[in-house]
Amino acid sequence: MYDDLSKKILVIEDDQEFRKKLYDILGHEFSFITADDGEQGIEKMLVHRPDLIILDLLLPRLDGFEVLKRIREYPDNFIKNIPVIVLSNLAGNEDFIRATNYKVDAYYVKARTDLSEVKAKIKDVVYKGTGGPREEVMDFRDLA
């Protein structure tokens with residue numbers, strides 16, 4: 001267990017029950033910040049400057065694709081290079097390609113993913129020390 005509460009994870013997810021599940025596996029190892037919608041997620045990202053963002057794509061007020069676009073186009077290098085892991089129920093190729101065009105670090109489908117896999121990926125991304133997105137994107141849509 002890393003137990004590094006100085007590392008901040010921003011979870012942009014509108015499903016409160018799912019956020020609780022993520023907190024149960026991550027909240028004791030990282031500082032855990034949540035946002036209920038895309039607009040709130042952008043605001044919290046700018047205030048907290050997280051080490052990683054976990055992003056749902058189906059969000060109220062501002063969808064996850066627009067959040068990704070705004071992150072990657074932001075003029076501050078730290079912000080635009082924050083690693084992002086997509087965790088959504090969108091499983092189509094078009095959605096995957098659209099998200100990976102914004103250089104996400106991984107793409108998981110909630111219904112097909114064991115959260116322990118996500119936790120391992122989060123630790124891998126956060127502790128690489130690069131602070132930015134990687135060229136290789138793992139496609140976890142077909143794993144069950």
# chains A, B, ... in the order shown; residues from 1 in each chain; ligands from 1

call {"tool": "residues_around", "arguments": {"residues": "region 31-45 of chain A", "least_positions_apart": "5", "cutoff": "7 Å", "atoms": "only C-alpha atoms", "output": "count of residues only"}}
result
18

call {"tool": "select_by_dssp", "arguments": {"residues": "region 31-144 of chain A", "states": "helix (DSSP H, G or I)", "output": "PyMOL selection string"}}
result
chain A and resi 38-48+64-73+77-80+93-100+110-112+115-126

call {"tool": "write_last_selection", "arguments": {"atoms": "N, CA and C atoms", "output": "compact mmCIF listing (two decimals), in the first residue's frame"}}
result
# COMPACT_ATOMS: atom_id res chain seq x y z
N GLY A 38 -19.41 17.74 -15.32
CA GLY A 38 -18.23 18.20 -16.03
C GLY A 38 -17.79 19.61 -15.67
N GLU A 39 -18.73 20.50 -15.52
CA GLU A 39 -18.38 21.89 -15.17
C GLU A 39 -17.71 21.95 -13.80
N GLN A 40 -18.29 21.25 -12.84
CA GLN A 40 -17.70 21.21 -11.50
C GLN A 40 -16.32 20.53 -11.56
N GLY A 41 -16.19 19.53 -12.41
CA GLY A 41 -14.91 18.85 -12.57
C GLY A 41 -13.82 19.79 -13.06
N ILE A 42 -14.13 20.61 -14.05
CA ILE A 42 -13.16 21.58 -14.56
C ILE A 42 -12.77 22.56 -13.45
N GLU A 43 -13.75 23.06 -12.71
CA GLU A 43 -13.47 24.00 -11.62
C GLU A 43 -12.55 23.37 -10.58
N LYS A 44 -12.87 22.14 -10.16
CA LYS A 44 -12.06 21.48 -9.13
C LYS A 44 -10.67 21.12 -9.65
N MET A 45 -10.58 20.82 -10.93
CA MET A 45 -9.27 20.53 -11.52
C MET A 45 -8.38 21.76 -11.43
N LEU A 46 -8.92 22.92 -11.73
CA LEU A 46 -8.13 24.15 -11.71
C LEU A 46 -7.72 24.54 -10.29
N VAL A 47 -8.60 24.28 -9.32
CA VAL A 47 -8.30 24.63 -7.93
C VAL A 47 -7.31 23.64 -7.31
N HIS A 48 -7.54 22.34 -7.49
CA HIS A 48 -6.77 21.31 -6.78
C HIS A 48 -5.56 20.79 -7.55
N GLY A 64 -18.07 14.27 -20.75
CA GLY A 64 -16.67 13.93 -20.55
C GLY A 64 -15.78 14.23 -21.74
N PHE A 65 -16.31 14.14 -22.96
CA PHE A 65 -15.52 14.47 -24.13
C PHE A 65 -15.14 15.95 -24.13
N GLU A 66 -16.09 16.81 -23.76
CA GLU A 66 -15.79 18.24 -23.68
C GLU A 66 -14.82 18.52 -22.54
N VAL A 67 -14.93 17.80 -21.44
CA VAL A 67 -13.97 17.94 -20.34
C VAL A 67 -12.58 17.58 -20.84
N LEU A 68 -12.45 16.46 -21.54
CA LEU A 68 -11.15 16.06 -22.10
C LEU A 68 -10.60 17.13 -23.03
N LYS A 69 -11.44 17.64 -23.90
CA LYS A 69 -11.01 18.68 -24.84
C LYS A 69 -10.47 19.89 -24.09
N ARG A 70 -11.19 20.33 -23.08
CA ARG A 70 -10.77 21.52 -22.33
C ARG A 70 -9.48 21.27 -21.56
N ILE A 71 -9.32 20.08 -21.03
CA ILE A 71 -8.07 19.75 -20.32
C ILE A 71 -6.90 19.83 -21.30
N ARG A 72 -7.02 19.14 -22.41
CA ARG A 72 -5.90 19.04 -23.35
C ARG A 72 -5.60 20.35 -24.07
N GLU A 73 -6.55 21.27 -24.13
CA GLU A 73 -6.33 22.56 -24.78
C GLU A 73 -5.99 23.67 -23.79
N ASN A 77 0.74 24.03 -18.88
CA ASN A 77 1.28 22.71 -19.20
C ASN A 77 0.95 21.65 -18.16
N PHE A 78 0.95 22.02 -16.87
CA PHE A 78 0.60 21.03 -15.84
C PHE A 78 -0.82 20.51 -16.07
N ILE A 79 -1.75 21.44 -16.26
CA ILE A 79 -3.16 21.06 -16.44
C ILE A 79 -3.34 20.21 -17.70
N LYS A 80 -2.81 20.65 -18.81
CA LYS A 80 -3.07 19.93 -20.05
C LYS A 80 -2.40 18.57 -20.12
N ASN A 93 -16.61 1.59 -30.43
CA ASN A 93 -15.32 1.97 -31.02
C ASN A 93 -15.21 3.47 -31.23
N GLU A 94 -16.28 4.11 -31.68
CA GLU A 94 -16.25 5.56 -31.92
C GLU A 94 -15.94 6.31 -30.63
N ASP A 95 -16.56 5.88 -29.53
CA ASP A 95 -16.32 6.54 -28.24
C ASP A 95 -14.88 6.33 -27.80
N PHE A 96 -14.37 5.12 -27.95
CA PHE A 96 -12.99 4.81 -27.59
C PHE A 96 -12.01 5.66 -28.40
N ILE A 97 -12.22 5.71 -29.71
CA ILE A 97 -11.32 6.48 -30.58
C ILE A 97 -11.41 7.97 -30.24
N ARG A 98 -12.60 8.45 -30.04
CA ARG A 98 -12.78 9.87 -29.70
C ARG A 98 -12.05 10.22 -28.40
N ALA A 99 -12.17 9.37 -27.39
CA ALA A 99 -11.50 9.62 -26.12
C ALA A 99 -9.99 9.51 -26.25
N THR A 100 -9.51 8.49 -26.96
CA THR A 100 -8.07 8.31 -27.08
C THR A 100 -7.42 9.39 -27.93
N LYS A 110 -17.23 0.45 -17.24
CA LYS A 110 -17.60 0.15 -15.85
C LYS A 110 -18.17 -1.25 -15.68
N ALA A 111 -19.13 -1.59 -16.54
CA ALA A 111 -19.85 -2.85 -16.38
C ALA A 111 -18.96 -4.07 -16.61
N ARG A 112 -17.82 -3.88 -17.24
CA ARG A 112 -16.94 -5.02 -17.57
C ARG A 112 -15.62 -4.98 -16.83
N LEU A 115 -12.73 -3.30 -10.31
CA LEU A 115 -12.10 -2.07 -9.84
C LEU A 115 -10.68 -2.29 -9.32
N SER A 116 -10.32 -3.51 -8.99
CA SER A 116 -8.93 -3.77 -8.58
C SER A 116 -7.98 -3.54 -9.76
N GLU A 117 -8.44 -3.81 -10.99
CA GLU A 117 -7.64 -3.53 -12.18
C GLU A 117 -7.44 -2.03 -12.34
N VAL A 118 -8.50 -1.28 -12.09
CA VAL A 118 -8.42 0.18 -12.20
C VAL A 118 -7.45 0.71 -11.14
N LYS A 119 -7.54 0.18 -9.94
CA LYS A 119 -6.66 0.61 -8.86
C LYS A 119 -5.19 0.37 -9.24
N ALA A 120 -4.89 -0.77 -9.80
CA ALA A 120 -3.51 -1.07 -10.22
C ALA A 120 -3.05 -0.10 -11.29
N LYS A 121 -3.93 0.22 -12.23
CA LYS A 121 -3.58 1.16 -13.30
C LYS A 121 -3.36 2.55 -12.73
N ILE A 122 -4.19 2.96 -11.78
CA ILE A 122 -4.05 4.28 -11.15
C ILE A 122 -2.68 4.38 -10.48
N LYS A 123 -2.30 3.37 -9.73
CA LYS A 123 -1.00 3.39 -9.06
C LYS A 123 0.13 3.45 -10.08
N ASP A 124 -0.02 2.71 -11.16
CA ASP A 124 0.99 2.71 -12.21
C ASP A 124 1.14 4.11 -12.80
N VAL A 125 0.04 4.76 -13.10
CA VAL A 125 0.08 6.09 -13.72
C VAL A 125 0.59 7.14 -12.73
N VAL A 126 0.05 7.14 -11.52
CA VAL A 126 0.42 8.17 -10.54
C VAL A 126 1.89 8.08 -10.16

call {"tool": "closest_residue", "arguments": {"among": "A:Leu55, A:Tyr23, A:Tyr127, A:Asp105", "to": "Asn89 (chain A)", "atoms": "only C-alpha atoms"}}
result
A:Leu55

call {"tool": "select_by_dssp", "arguments": {"residues": "chain A", "states": "strand (DSSP E or B)", "output": "number ranges by chain"}}
result
A: 8-12, 31-35, 52-55, 84-88, 106-109, 138-139
